[in-house]
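Next comes coords.txt, with compact mmCIF, C-alpha atoms and all ligand atoms.
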# COMPACT_ATOMS: atom_id res chain seq x y z
CA MET Q 584 65.98 119.47 109.19
CA GLY Q 585 62.66 120.92 108.13
CA ALA Q 586 63.26 120.66 104.39
CA ILE Q 587 63.40 116.91 104.63
CA GLY Q 588 60.37 116.53 106.85
CA GLN Q 589 59.43 113.68 109.11
CA GLY Q 590 58.13 110.33 108.06
CA GLN Q 591 57.47 107.01 109.66
CA TYR Q 592 58.78 103.99 107.84
CA ALA Q 593 56.60 100.92 107.91
CA TYR Q 594 58.54 98.36 105.97
CA ARG Q 595 56.81 95.96 103.70
CA VAL Q 596 58.05 93.34 101.34
CA ASN Q 597 58.30 94.44 97.76
CA ASN Q 598 55.90 92.05 96.17
CA ASN Q 599 56.89 92.99 92.67
CA LYS Q 600 60.30 91.46 93.05
CA PRO Q 601 61.56 87.91 93.32
CA LYS Q 602 62.37 86.81 96.85
CA ASN Q 603 64.98 84.18 96.24
CA LEU Q 604 67.28 83.29 99.04
CA ILE Q 605 71.01 83.11 98.54
CA MET Q 606 71.23 82.16 94.92
CA MET Q 607 68.61 79.51 95.52
CA GLN Q 608 65.30 79.20 93.80
CA GLU Q 609 63.16 77.75 96.58
CA LYS Q 610 64.26 77.74 100.15
CA SER Q 611 62.95 74.37 101.27
CA LYS Q 612 63.85 72.34 98.19
CA LYS Q 613 67.29 73.71 97.60
CA ARG Q 614 68.66 73.90 101.11
CA GLU Q 615 70.55 70.70 100.51
CA GLU Q 616 72.01 71.94 97.26
CA ASP Q 617 75.76 71.79 96.86
CA LEU Q 618 76.64 75.05 95.15
CA SER Q 619 80.22 73.96 94.54
CA LYS Q 620 78.96 71.77 91.67
CA LEU Q 621 77.97 74.88 89.72
CA SER Q 622 80.20 76.04 86.90
CA LYS Q 623 81.65 79.54 87.18
CA LYS Q 624 79.30 80.68 84.45
CA ASP Q 625 76.22 79.38 86.28
CA LEU Q 626 77.43 80.88 89.52
CA ILE Q 627 77.75 84.27 87.88
CA LYS Q 628 74.30 83.86 86.38
CA ARG Q 629 72.80 83.11 89.78
CA ALA Q 630 74.67 85.97 91.42
CA LYS Q 631 73.31 88.36 88.82
CA LYS Q 632 69.77 87.14 89.28
CA PHE Q 633 70.11 87.35 93.05
CA SER Q 634 71.48 90.89 93.00
CA LYS Q 635 68.85 92.16 90.58
CA GLN Q 636 66.11 92.11 93.21
CA TYR Q 637 68.01 94.78 95.17
CA CYS Q 638 69.06 96.86 92.18
CA VAL Q 639 67.05 100.08 91.91
CA GLY Q 640 68.06 100.94 88.33
CA ASP Q 641 66.32 104.15 87.27
CA GLY Q 642 65.40 105.80 90.57
CA GLU Q 643 62.16 107.42 89.46
CA GLY Q 644 59.43 106.72 91.98
CA PHE Q 645 61.82 104.99 94.39
CA ARG Q 646 60.37 104.47 97.86
CA LEU Q 647 62.44 103.06 100.67
CA LYS Q 648 59.41 101.41 102.28
CA ASP Q 649 59.35 98.99 99.35
CA TYR Q 650 62.65 97.52 100.50
CA ASN Q 651 62.66 95.41 103.63
CA PRO Q 652 65.77 95.52 105.87
CA LYS Q 653 65.10 91.85 106.61
CA PRO Q 654 65.74 89.30 103.88
CA GLN Q 655 62.60 87.62 102.59
CA PRO Q 656 62.16 84.82 103.42
CA ASP Q 657 64.23 85.30 106.55
CA PRO Q 658 67.05 82.72 106.52
CA GLY Q 659 67.05 80.57 109.64
CA PRO Q 660 70.06 78.99 111.39
CA GLU Q 661 69.57 75.90 109.20
CA ASP Q 662 70.57 78.03 106.19
CA LYS Q 663 73.92 78.99 107.72
CA PRO Q 664 76.07 76.35 105.98
CA LEU Q 665 74.58 77.18 102.60
CA SER Q 666 75.01 80.92 103.05
CA LYS Q 667 78.61 80.33 104.12
CA GLN Q 668 79.22 78.33 100.97
CA ALA Q 669 77.43 80.90 98.81
CA LEU Q 670 79.62 83.70 100.14
CA GLN Q 671 82.78 81.62 99.72
CA LEU Q 672 81.94 80.81 96.12
CA GLY Q 673 80.82 84.36 95.43
CA VAL Q 674 84.14 85.67 96.71
CA GLN Q 675 86.00 83.18 94.50
CA ALA Q 676 84.00 84.16 91.41
CA LEU Q 677 84.62 87.82 92.19
CA ALA Q 678 88.35 87.21 92.59
CA ALA Q 679 88.47 85.39 89.23
CA LEU Q 680 86.76 88.31 87.49
CA GLN Q 681 89.05 90.79 89.22
CA ASP Q 682 92.07 88.91 87.91
CA ILE Q 683 90.87 89.48 84.34
CA LEU Q 684 89.95 93.11 85.10
CA TYR Q 685 93.52 93.68 86.26
CA ALA Q 686 95.09 91.87 83.31
CA GLN Q 687 92.93 93.68 80.77
CA ASP Q 688 93.70 97.03 82.39
CA LYS Q 689 90.91 98.97 80.68
CA TRP Q 690 87.84 99.17 82.88
CA SER Q 691 87.70 100.06 86.55
CA LEU Q 692 84.98 99.59 89.13
CA LEU Q 693 84.02 101.96 91.92
CA VAL Q 694 81.86 100.48 94.68
CA ILE Q 695 80.40 103.04 97.07
CA PHE Q 696 79.09 102.04 100.50
CA GLN Q 697 76.68 104.23 102.41
CA ALA Q 698 74.74 103.28 105.50
CA MET Q 699 73.69 104.23 108.99
CA ASP Q 700 76.14 103.36 111.76
CA ALA Q 701 76.44 99.66 112.62
CA ALA Q 702 74.81 98.59 109.36
CA GLY Q 703 77.89 96.46 108.61
CA LYS Q 704 79.88 98.42 106.03
CA ASP Q 705 83.26 97.49 107.44
CA GLY Q 706 82.38 93.79 107.77
CA ALA Q 707 80.91 93.64 104.26
CA ILE Q 708 84.02 95.22 102.75
CA LYS Q 709 86.32 92.92 104.72
CA HIS Q 710 84.49 89.69 103.84
CA VAL Q 711 83.50 90.41 100.26
CA MET Q 712 86.95 91.62 99.23
CA SER Q 713 88.77 88.90 101.19
CA GLY Q 714 89.64 86.82 98.11
CA VAL Q 715 90.72 89.69 95.94
CA ASN Q 716 94.35 90.37 95.08
CA PRO Q 717 95.21 93.44 97.21
CA GLN Q 718 97.24 94.86 94.32
CA GLY Q 719 94.05 95.30 92.33
CA CYS Q 720 91.92 96.88 95.02
CA GLN Q 721 91.96 100.08 97.03
CA VAL Q 722 89.70 101.07 99.94
CA SER Q 723 89.20 104.74 100.88
CA SER Q 724 87.23 105.97 103.89
CA PHE Q 725 85.74 109.44 104.03
CA LYS Q 726 85.14 111.06 107.38
CA ALA Q 727 84.38 114.67 108.29
CA PRO Q 728 86.43 116.78 105.83
CA SER Q 729 89.72 118.38 106.85
CA PRO Q 730 90.34 122.15 106.53
CA GLU Q 731 92.27 121.47 103.31
CA GLU Q 732 89.36 119.47 101.90
CA LEU Q 733 86.91 122.22 102.84
CA ASP Q 734 88.97 124.60 100.75
CA HIS Q 735 87.88 122.69 97.64
CA ASP Q 736 84.69 121.63 95.90
CA PHE Q 737 83.00 118.58 97.45
CA LEU Q 738 84.11 116.06 94.82
CA TRP Q 739 87.78 117.00 95.09
CA ARG Q 740 88.78 114.70 97.92
CA CYS Q 741 87.01 111.72 96.33
CA GLN Q 742 88.44 112.30 92.87
CA LYS Q 743 91.93 111.78 94.24
CA HIS Q 744 90.97 108.25 95.28
CA LEU Q 745 89.26 107.02 92.13
CA PRO Q 746 90.45 103.57 91.04
CA GLU Q 747 93.03 103.29 88.28
CA ARG Q 748 92.18 101.24 85.19
CA GLY Q 749 92.10 97.54 86.01
CA ARG Q 750 91.36 98.22 89.69
CA ILE Q 751 88.41 98.00 92.05
CA GLY Q 752 88.01 101.06 94.26
CA ILE Q 753 85.90 100.87 97.39
CA PHE Q 754 84.57 104.04 99.00
CA ASN Q 755 83.58 103.59 102.63
CA ARG Q 756 81.27 106.65 102.68
CA SER Q 757 81.75 109.13 99.86
CA TYR Q 758 80.56 112.34 98.24
CA TYR Q 759 77.05 111.08 99.03
CA GLU Q 760 77.60 112.34 102.58
CA GLU Q 761 77.11 115.76 101.00
CA VAL Q 762 73.39 115.01 100.57
CA LEU Q 763 73.06 112.95 103.77
CA VAL Q 764 74.82 114.15 106.94
CA VAL Q 765 75.24 117.64 105.46
CA ARG Q 766 71.53 117.78 104.66
CA VAL Q 767 70.43 116.45 108.03
CA HIS Q 768 72.65 118.96 109.88
CA GLU Q 769 72.30 122.33 108.28
CA LYS Q 770 75.13 123.77 110.35
CA ILE Q 771 77.59 121.56 108.45
CA LEU Q 772 76.50 123.20 105.21
CA GLN Q 773 77.09 126.61 106.79
CA SER Q 774 80.65 125.55 107.67
CA GLN Q 775 81.52 124.54 104.10
CA LYS Q 776 82.82 127.98 103.16
CA LEU Q 777 80.51 128.25 100.16
CA PRO Q 778 79.66 131.75 98.93
CA GLU Q 779 76.32 132.55 100.60
CA LYS Q 780 74.70 133.37 97.31
CA LEU Q 781 75.15 129.76 96.21
CA ILE Q 782 73.29 128.29 99.17
CA THR Q 783 69.72 128.28 97.94
CA LYS Q 784 66.72 126.00 98.40
CA ASP Q 785 67.85 124.20 95.25
CA ILE Q 786 71.21 123.15 96.62
CA TRP Q 787 70.28 119.47 97.13
CA LYS Q 788 68.77 119.19 93.65
CA GLU Q 789 71.92 120.78 92.28
CA ARG Q 790 74.12 118.35 94.16
CA PHE Q 791 72.10 115.39 92.85
CA LYS Q 792 72.59 116.71 89.35
CA ASP Q 793 76.32 117.25 89.86
CA ILE Q 794 76.67 113.71 91.19
CA ARG Q 795 74.71 112.23 88.27
CA ASN Q 796 76.84 114.12 85.80
CA PHE Q 797 80.04 113.10 87.57
CA GLU Q 798 79.10 109.42 87.49
CA LYS Q 799 78.08 109.69 83.83
CA TYR Q 800 81.46 111.21 83.08
CA LEU Q 801 83.21 108.38 84.90
CA HIS Q 802 81.13 105.82 83.01
CA ARG Q 803 82.11 107.37 79.68
CA ASN Q 804 85.72 107.02 80.73
CA GLY Q 805 85.52 103.34 81.65
CA THR Q 806 84.83 103.54 85.39
CA ILE Q 807 81.62 101.74 86.34
CA VAL Q 808 80.09 103.07 89.55
CA ILE Q 809 77.72 101.05 91.72
CA LYS Q 810 76.35 102.22 95.01
CA ILE Q 811 75.36 100.03 97.92
CA PHE Q 812 72.98 101.16 100.67
CA LEU Q 813 73.12 98.69 103.53
CA ASN Q 814 69.54 98.98 104.68
CA VAL Q 815 69.51 98.25 108.41
CA SER Q 816 66.39 98.70 110.55
CA ARG Q 817 66.25 101.03 113.53
CA ASP Q 818 65.61 98.07 115.87
CA GLU Q 819 68.59 96.13 114.55
CA GLN Q 820 70.82 99.19 114.94
CA LYS Q 821 69.74 99.46 118.59
CA LYS Q 822 70.61 95.79 119.16
CA ARG Q 823 74.05 96.23 117.57
CA PHE Q 824 74.75 99.44 119.54
CA ILE Q 825 73.96 97.62 122.80
CA GLU Q 826 76.32 94.80 121.76
CA ARG Q 827 79.02 97.41 121.16
CA VAL Q 828 78.57 98.67 124.71
CA ASP Q 829 78.42 95.21 126.29
CA ASP Q 830 81.36 93.68 124.43
CA PRO Q 831 84.68 95.28 125.51
CA ASP Q 832 86.25 94.29 122.16
CA LYS Q 833 83.59 96.33 120.37
CA ASN Q 834 83.70 99.41 122.63
CA TRP Q 835 86.12 101.16 120.26
CA LYS Q 836 83.52 101.05 117.51
CA PHE Q 837 80.97 103.03 119.46
CA SER Q 838 80.58 106.60 120.61
CA ALA Q 839 77.86 108.78 122.09
CA ALA Q 840 77.91 110.69 118.78
CA ASP Q 841 76.69 107.55 116.96
CA SER Q 842 73.79 107.34 119.37
CA ARG Q 843 72.99 111.04 118.84
CA GLU Q 844 72.81 110.51 115.06
CA ARG Q 845 70.28 107.78 115.69
CA GLY Q 846 67.99 110.52 117.01
CA TYR Q 847 67.79 111.87 113.44
CA TRP Q 848 66.72 108.52 112.00
CA ASP Q 849 63.67 109.76 110.07
CA ASP Q 850 65.58 112.71 108.62
CA TYR Q 851 68.27 110.33 107.43
CA MET Q 852 65.75 107.93 105.89
CA ASN Q 853 64.11 110.80 104.01
CA ALA Q 854 67.51 111.99 102.82
CA TYR Q 855 68.45 108.46 101.68
CA GLU Q 856 65.17 108.07 99.87
CA GLU Q 857 65.53 111.30 97.93
CA MET Q 858 69.17 110.63 97.23
CA ILE Q 859 68.44 107.19 95.75
CA GLU Q 860 65.46 108.50 93.81
CA ASN Q 861 67.61 111.20 92.24
CA THR Q 862 70.93 109.45 91.72
CA SER Q 863 70.09 105.86 90.83
CA THR Q 864 70.45 105.30 87.10
CA GLU Q 865 70.60 102.24 84.86
CA GLU Q 866 74.32 102.83 84.36
CA SER Q 867 75.18 103.65 87.97
CA PRO Q 868 72.51 101.97 90.06
CA TRP Q 869 71.92 101.94 93.79
CA TYR Q 870 71.52 98.54 95.42
CA VAL Q 871 69.31 98.59 98.52
CA VAL Q 872 70.55 95.56 100.41
CA PRO Q 873 68.70 94.09 103.41
CA ALA Q 874 71.28 94.48 106.16
CA ASP Q 875 69.54 93.10 109.25
CA ASP Q 876 71.21 89.77 108.45
CA LYS Q 877 74.93 90.30 107.99
CA SER Q 878 75.71 87.09 106.08
CA TYR Q 879 72.87 87.68 103.69
CA ALA Q 880 73.94 91.28 103.10
CA ARG Q 881 77.49 90.17 102.26
CA ILE Q 882 76.24 87.67 99.68
CA ALA Q 883 74.06 90.37 98.13
CA VAL Q 884 77.03 92.77 97.99
CA ALA Q 885 79.31 90.14 96.41
CA SER Q 886 76.57 89.39 93.88
CA ALA Q 887 76.17 93.06 92.97
CA ILE Q 888 79.91 93.40 92.37
CA ILE Q 889 79.95 90.22 90.27
CA HIS Q 890 77.03 91.65 88.28
CA ALA Q 891 78.93 94.87 87.60
CA LEU Q 892 82.14 93.08 86.61
CA ASP Q 893 80.28 90.71 84.34
CA GLN Q 894 78.93 93.63 82.30
CA MET Q 895 82.42 94.70 81.32
CA ASP Q 896 83.14 92.13 78.58
CA LEU Q 897 86.28 91.17 80.44
CA GLU Q 898 88.86 88.97 78.78
CA TYR Q 899 92.54 88.29 79.21
CA PRO Q 900 94.61 90.25 76.68
CA LYS Q 901 95.13 88.22 73.49
CA VAL Q 902 98.73 87.38 72.74
CA SER Q 903 99.81 87.61 69.09
CA ALA Q 904 101.18 84.60 67.18
CA GLU Q 905 104.49 86.42 67.01
CA LYS Q 906 104.62 86.82 70.75
CA ILE Q 907 103.70 83.14 71.30
CA ALA Q 908 106.55 82.12 68.99
CA GLU Q 909 108.88 84.41 70.94
CA LEU Q 910 107.80 82.84 74.24
CA GLN Q 911 108.46 79.37 72.85
CA GLU Q 912 111.98 80.48 71.87
CA VAL Q 913 112.56 81.76 75.40
CA LYS Q 914 111.35 78.47 76.84
CA LYS Q 915 113.68 76.54 74.54
CA ALA Q 916 116.61 78.67 75.64
CA LEU Q 917 115.73 78.20 79.32
CA LEU Q 918 115.55 74.42 78.91
CA ALA Q 919 118.86 74.41 77.09
CA GLU Q 920 120.61 76.24 79.93
CA GLU Q 921 123.39 74.30 81.51
CA LYS Q 922 122.75 73.23 85.09
P1 LIG K 1001 82.04 104.39 110.31
O1 LIG K 1001 81.02 105.05 111.18
O2 LIG K 1001 81.75 104.56 108.85
O3 LIG K 1001 82.39 103.00 110.68
P2 LIG K 1001 84.04 105.61 111.76
O4 LIG K 1001 83.13 105.49 112.91
O5 LIG K 1001 85.34 104.94 111.77
O6 LIG K 1001 83.34 105.20 110.44
P3 LIG K 1001 83.69 108.32 112.07
O7 LIG K 1001 84.74 108.98 112.88
O8 LIG K 1001 82.34 108.03 112.63
O9 LIG K 1001 84.31 107.06 111.43
O10 LIG K 1001 83.60 109.21 110.73
C1 LIG K 1001 82.59 109.13 109.91
C2 LIG K 1001 81.73 110.36 110.15
O11 LIG K 1001 82.15 111.37 109.22
C3 LIG K 1001 80.29 110.05 109.89
O12 LIG K 1001 79.48 110.49 110.93
C4 LIG K 1001 80.02 110.83 108.61
O13 LIG K 1001 78.70 111.27 108.53
C5 LIG K 1001 81.00 111.96 108.73
N1 LIG K 1001 81.27 112.56 107.42
C6 LIG K 1001 81.67 111.95 106.28
N2 LIG K 1001 81.72 112.82 105.25
C7 LIG K 1001 81.33 114.01 105.73
C8 LIG K 1001 81.15 115.29 105.16
N3 LIG K 1001 81.39 115.51 103.87
N4 LIG K 1001 80.77 116.28 105.96
C9 LIG K 1001 80.52 116.06 107.25
N5 LIG K 1001 80.65 114.87 107.86
C10 LIG K 1001 81.05 113.85 107.13
MG MG K 1002 80.99 106.22 113.02
Show this structure as C-alpha cells.
Amino acid sequence: MGAIGQGQYAYRVNNNKPKNLIMMQEKSKKREEDLSKLSKKDLIKRAKKFSKQYCVGDGEGFRLKDYNPKPQPDPGPEDKPLSKQALQLGVQALAALQDILYAQDKWSLLVIFQAMDAAGKDGAIKHVMSGVNPQGCQVSSFKAPSPEELDHDFLWRCQKHLPERGRIGIFNRSYYEEVLVVRVHEKILQSQKLPEKLITKDIWKERFKDIRNFEKYLHRNGTIVIKIFLNVSRDEQKKRFIERVDDPDKNWKFSAADSRERGYWDDYMNAYEEMIENTSTEESPWYVVPADDKSYARIAVASAIIHALDQMDLEYPKVSAEKIAELQEVKKALLAEEK
C-alpha cells in the first residue's frame, strides 16, 4: 500500500543495548554456569535484565532496523543445554508468580503476540505457558473477522476475551491486525462496513490513538498489557516455509496464502515499525524479540512476562489472626474425628 511506502531493512545490532545471552553475563565464562543454584529472586532479577534489552518502552523514534532478528551473540549448539535450563527455570518462576497472581485476584496480565507467519508464535505460547496452571490462563486467537464481528467496532471482539482478575490472557494476534494486515491490504478496510466519511488519511493515526487510550484504560483498571513482536527475518521465514512443505507433519501449517503475504514483506515491516513507534509506552511496552532462534525467543518471552508480573507487587492474601485461630479449631476437630 502506497501510504506505507517501501523500504529495505538492513539489520544491525543495536549497540546501545546490552547483548547478554540467556540470563548470562558473558557467554564464554558463564556457559558452564548451573542456573538451578540461583534463588527465585535472583532468577527474576536476571530475567528482568535480560528482557529489558528487547523492551521498547516509549516508542518515540523507534526504528526496526535497530533490532536484529538474530540474537547477539548468536548462541551456538554448545549453548543448547544452558538455554534449555534457562527456559525451564524461567517457566517455573513464571508459574510461581502466576500462582500468587491467581490467589491475590486483583491484577491481570494481557500478553499480545504479533508476528509474520512462521515466526514461532504458537510454539512460544505453548512452551512459555507450559508450566502455568491452565485455570489461571486463557489463550484467544484472532483470525479474519466474522460477519458478526464486522458489525461492531474493531475492539469489540477482543474485549470479550480480556483476562479476568488474577488471570493471564494471551492474544494470538489481536486488535493490532487493524493497523497491520488491514493497512497492508486496503481492500480489507473497504470491507469493514465503516461509514465512508470516517475513512480518511488519518485513520491509522486515529487507530493508534484509540489503541493507546484503550490500553491506558485497561492499565488504570488493573490489567497490565505487554506486546510481543517476534522479529523473524525474511530469510528465516523462507527456510521455515520450505520446511513446512517438505515435512508432511507440518503441511497443515502452510498455505499458498502465507506465501502471498510474504510478497508484502516491506509493507508489513513499515506497518510494524509505525505501529510500535506509536503504541509502545512505558506502561504497555512492545518487546521486539529476536525470533530467528526459537529457543532464544522463548526465553526472551518468558523473561518479559516475568518482568511484567514482578511489577505487580504480588503477594498471597494475608489471613487474619481470627481466621488462623478458626483454621486451628478446624484442624483440631478433624484430628479428633473418630476413625
Ligand atoms: P497463524 O498464522 O497465526 O498461525 P493460522 O494460520 O492458524 O494462524 P489463519 O487462518 O492464517 O490462522 O488466520 C490468521 C489470519 O487472519 C492472518 O492472516 C491475519 O492477518 C488474519 N486476520 C486477523 N485479524 C484480522 C482482521 N482484523 N482483519 C483481517 N484479517 C485478519
Ligand atoms: Mg496463518
Could the residues of chain Q that have an atom at most 12 Å from ligand MG 1002 (chain K) be listed as a Markdown table, each with its closest atom pair and the distance in Å to one decimal, counting only C-alpha atoms and all ligand atoms and ordered by chain and ascending residue number?
| residue | atom | partner | partner_atom | distance |
| --- | --- | --- | --- | --- |
| Q:Gln697 | CA | K:MG1002 | MG | 11.6 |
| Q:Ala698 | CA | K:MG1002 | MG | 10.2 |
| Q:Met699 | CA | K:MG1002 | MG | 8.6 |
| Q:Asp700 | CA | K:MG1002 | MG | 5.8 |
| Q:Ala701 | CA | K:MG1002 | MG | 8.0 |
| Q:Ala702 | CA | K:MG1002 | MG | 10.5 |
| Q:Gly703 | CA | K:MG1002 | MG | 11.1 |
| Q:Lys704 | CA | K:MG1002 | MG | 10.5 |
| Q:Asp705 | CA | K:MG1002 | MG | 10.6 |
| Q:Ser724 | CA | K:MG1002 | MG | 11.1 |
| Q:Phe725 | CA | K:MG1002 | MG | 10.7 |
| Q:Lys726 | CA | K:MG1002 | MG | 8.5 |
| Q:Ala727 | CA | K:MG1002 | MG | 10.3 |
| Q:Asn755 | CA | K:MG1002 | MG | 11.0 |
| Q:Arg756 | CA | K:MG1002 | MG | 10.4 |
| Q:Val764 | CA | K:MG1002 | MG | 11.7 |
| Q:Phe824 | CA | K:MG1002 | MG | 11.3 |
| Q:Trp835 | CA | K:MG1002 | MG | 10.2 |
| Q:Lys836 | CA | K:MG1002 | MG | 7.3 |
| Q:Phe837 | CA | K:MG1002 | MG | 7.2 |
| Q:Ser838 | CA | K:MG1002 | MG | 7.6 |
| Q:Ala839 | CA | K:MG1002 | MG | 9.9 |
| Q:Ala840 | CA | K:MG1002 | MG | 7.9 |
| Q:Asp841 | CA | K:MG1002 | MG | 6.0 |
| Q:Ser842 | CA | K:MG1002 | MG | 9.7 |
| Q:Arg843 | CA | K:MG1002 | MG | 11.0 |
| Q:Glu844 | CA | K:MG1002 | MG | 9.5 |
| Q:Arg845 | CA | K:MG1002 | MG | 11.1 |
Selected residues written out, C-alpha atoms, as a PDB file, in the frame of the given file:
ATOM      1  CA  GLN Q 697      76.680 104.230 102.410  1.00  0.00           C
ATOM      2  CA  ALA Q 698      74.740 103.280 105.500  1.00  0.00           C
ATOM      3  CA  MET Q 699      73.690 104.230 108.990  1.00  0.00           C
ATOM      4  CA  ASP Q 700      76.140 103.360 111.760  1.00  0.00           C
ATOM      5  CA  ALA Q 701      76.440  99.660 112.620  1.00  0.00           C
ATOM      6  CA  ALA Q 702      74.810  98.590 109.360  1.00  0.00           C
ATOM      7  CA  GLY Q 703      77.890  96.460 108.610  1.00  0.00           C
ATOM      8  CA  LYS Q 704      79.880  98.420 106.030  1.00  0.00           C
ATOM      9  CA  ASP Q 705      83.260  97.490 107.440  1.00  0.00           C
ATOM     10  CA  SER Q 724      87.230 105.970 103.890  1.00  0.00           C
ATOM     11  CA  PHE Q 725      85.740 109.440 104.030  1.00  0.00           C
ATOM     12  CA  LYS Q 726      85.140 111.060 107.380  1.00  0.00           C
ATOM     13  CA  ALA Q 727      84.380 114.670 108.290  1.00  0.00           C
ATOM     14  CA  ASN Q 755      83.580 103.590 102.630  1.00  0.00           C
ATOM     15  CA  ARG Q 756      81.270 106.650 102.680  1.00  0.00           C
ATOM     16  CA  VAL Q 764      74.820 114.150 106.940  1.00  0.00           C
ATOM     17  CA  PHE Q 824      74.750  99.440 119.540  1.00  0.00           C
ATOM     18  CA  TRP Q 835      86.120 101.160 120.260  1.00  0.00           C
ATOM     19  CA  LYS Q 836      83.520 101.050 117.510  1.00  0.00           C
ATOM     20  CA  PHE Q 837      80.970 103.030 119.460  1.00  0.00           C
ATOM     21  CA  SER Q 838      80.580 106.600 120.610  1.00  0.00           C
ATOM     22  CA  ALA Q 839      77.860 108.780 122.090  1.00  0.00           C
ATOM     23  CA  ALA Q 840      77.910 110.690 118.780  1.00  0.00           C
ATOM     24  CA  ASP Q 841      76.690 107.550 116.960  1.00  0.00           C
ATOM     25  CA  SER Q 842      73.790 107.340 119.370  1.00  0.00           C
ATOM     26  CA  ARG Q 843      72.990 111.040 118.840  1.00  0.00           C
ATOM     27  CA  GLU Q 844      72.810 110.510 115.060  1.00  0.00           C
ATOM     28  CA  ARG Q 845      70.280 107.780 115.690  1.00  0.00           C
TER      29      ARG Q 845
END
task = For Gly644 in chain Q, please output as a list of chain:residue names all residues within 12 Å (counting all atoms listed in the file; exclusion window: fewer than 5 positions along the same chain).
result = Q:Val639, Q:Asp649, Q:Glu856, Q:Glu857, Q:Met858, Q:Ile859, Q:Glu860, Q:Asn861, Q:Thr862, Q:Ser863
inquiry  = So the first atom is CA of Pro778 in chain Q and the second is CA of Leu733 in chain Q; what is the distance between them in Å, to one decimal place?
reply    =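 We find that CA of Pro778 in chain Q and CA of Leu733 in chain Q lie 12.6 Å from each other.
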ask   = Taking (79.5, 104.2, 99.7) in the file's coordinates, which residues come within 8 Å, counting all atoms listed in the file, written as a PyMOL selection string?
value = chain Q and resi 694-698+753-757+759+810-812
Residues as selected, C-alpha atoms, written as a compact mmCIF listing (two decimals), keeping the file's coordinate frame, can you do that?
# COMPACT_ATOMS: atom_id res chain seq x y z
CA VAL Q 694 81.86 100.48 94.68
CA ILE Q 695 80.40 103.04 97.07
CA PHE Q 696 79.09 102.04 100.50
CA GLN Q 697 76.68 104.23 102.41
CA ALA Q 698 74.74 103.28 105.50
CA ILE Q 753 85.90 100.87 97.39
CA PHE Q 754 84.57 104.04 99.00
CA ASN Q 755 83.58 103.59 102.63
CA ARG Q 756 81.27 106.65 102.68
CA SER Q 757 81.75 109.13 99.86
CA TYR Q 759 77.05 111.08 99.03
CA LYS Q 810 76.35 102.22 95.01
CA ILE Q 811 75.36 100.03 97.92
CA PHE Q 812 72.98 101.16 100.67
Return as CSV the residues of range 836-902 of chain Q lying at most 12 Å from range 712-721 of chain Q, together with the closest atom-to-atom pair for each and the distance in Å to one decimal, counting all atoms listed in the file, with rows in chain order and ascending residue number.
residue,atom,partner,partner_atom,distance
Q:Arg881,CA,Q:Met712,CA,10.0
Q:Ile882,CA,Q:Met712,CA,11.4
Q:Val884,CA,Q:Met712,CA,10.1
Q:Ala885,CA,Q:Met712,CA,8.3
Q:Ser886,CA,Q:Met712,CA,11.9
Q:Ile888,CA,Q:Met712,CA,10.0
Q:Ile889,CA,Q:Met712,CA,11.5
remark   = Using only C-alpha atoms and all ligand atoms, the residue out of Q:Leu813, Q:Val872, Q:Leu763, Q:Ile794 with shortest distance to ligand LIG 1001 (chain K) is Q:Leu763
request  = Quick one: everything within 12 Å of Leu626 in chain Q, counting all atoms listed in the file, minus sequence neighbours fewer than 6 positions away in the same chain. Send it as number ranges by chain.
outcome  = Q: 605-607, 617-620, 632-633, 668-677, 679, 885-886, 889-890, 893
task = Could you check which of Q:Glu798, Q:Ala678, Q:Val762, Q:Arg827 is closest to Val711 in chain Q, using only C-alpha atoms?
result =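 When distances to Val711 in chain Q are compared using only C-alpha atoms, the smallest one comes from Q:Ala678.
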Work out where the centre of an axis-aligned box around every listed atom of range 723-737 of chain Q lies and how long its edges are once 3 Å is added on each side; give both in Å to one decimal as lines of an AutoDock Vina configuration file.
center_x = 87.6
center_y = 114.7
center_z = 102.1
size_x = 15.3
size_y = 25.9
size_z = 18.4
task = Using only C-alpha atoms, find the one residue out of Q:Lys689, Q:His710, Q:His735, Q:His744 that sits nearest to Val722 in chain Q.
result =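 Nearest to Val722 in chain Q: Q:His744.
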Atom pair CA of Thr783 in chain Q / atom P3 of ligand LIG 1001 (chain K): separation (Å) =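 These atoms are spaced 28.2 Å apart.
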query = Pick from Q:Pro658, Q:Leu680, Q:Ser691, Q:Asn834: nearest to Ile627 in chain Q, with all atoms listed in the file counted?
reply =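 The shortest atom-to-atom distance to Ile627 in chain Q comes from Q:Leu680.
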remark   = Pairwise distance, CA of Cys638 in chain Q with CA of Asp876 in chain Q, equals 17.9 Å
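Restricting the calculation to all atoms listed in the file, the smallest distance between ligand LIG 1001 (chain K) and any of Q:Asp657, Q:Glu616, Q:Glu761, Q:Glu747 is found for Q:Glu761.
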ask   = Quick one: of Q:Lys833, Q:Arg629, Q:Lys877, Q:Arg795, who's nearest to ligand LIG 1001 (chain K), counting all atoms listed in the file?
value =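 Using all atoms listed in the file, the shortest distance to ligand LIG 1001 (chain K) belongs to Q:Lys833.
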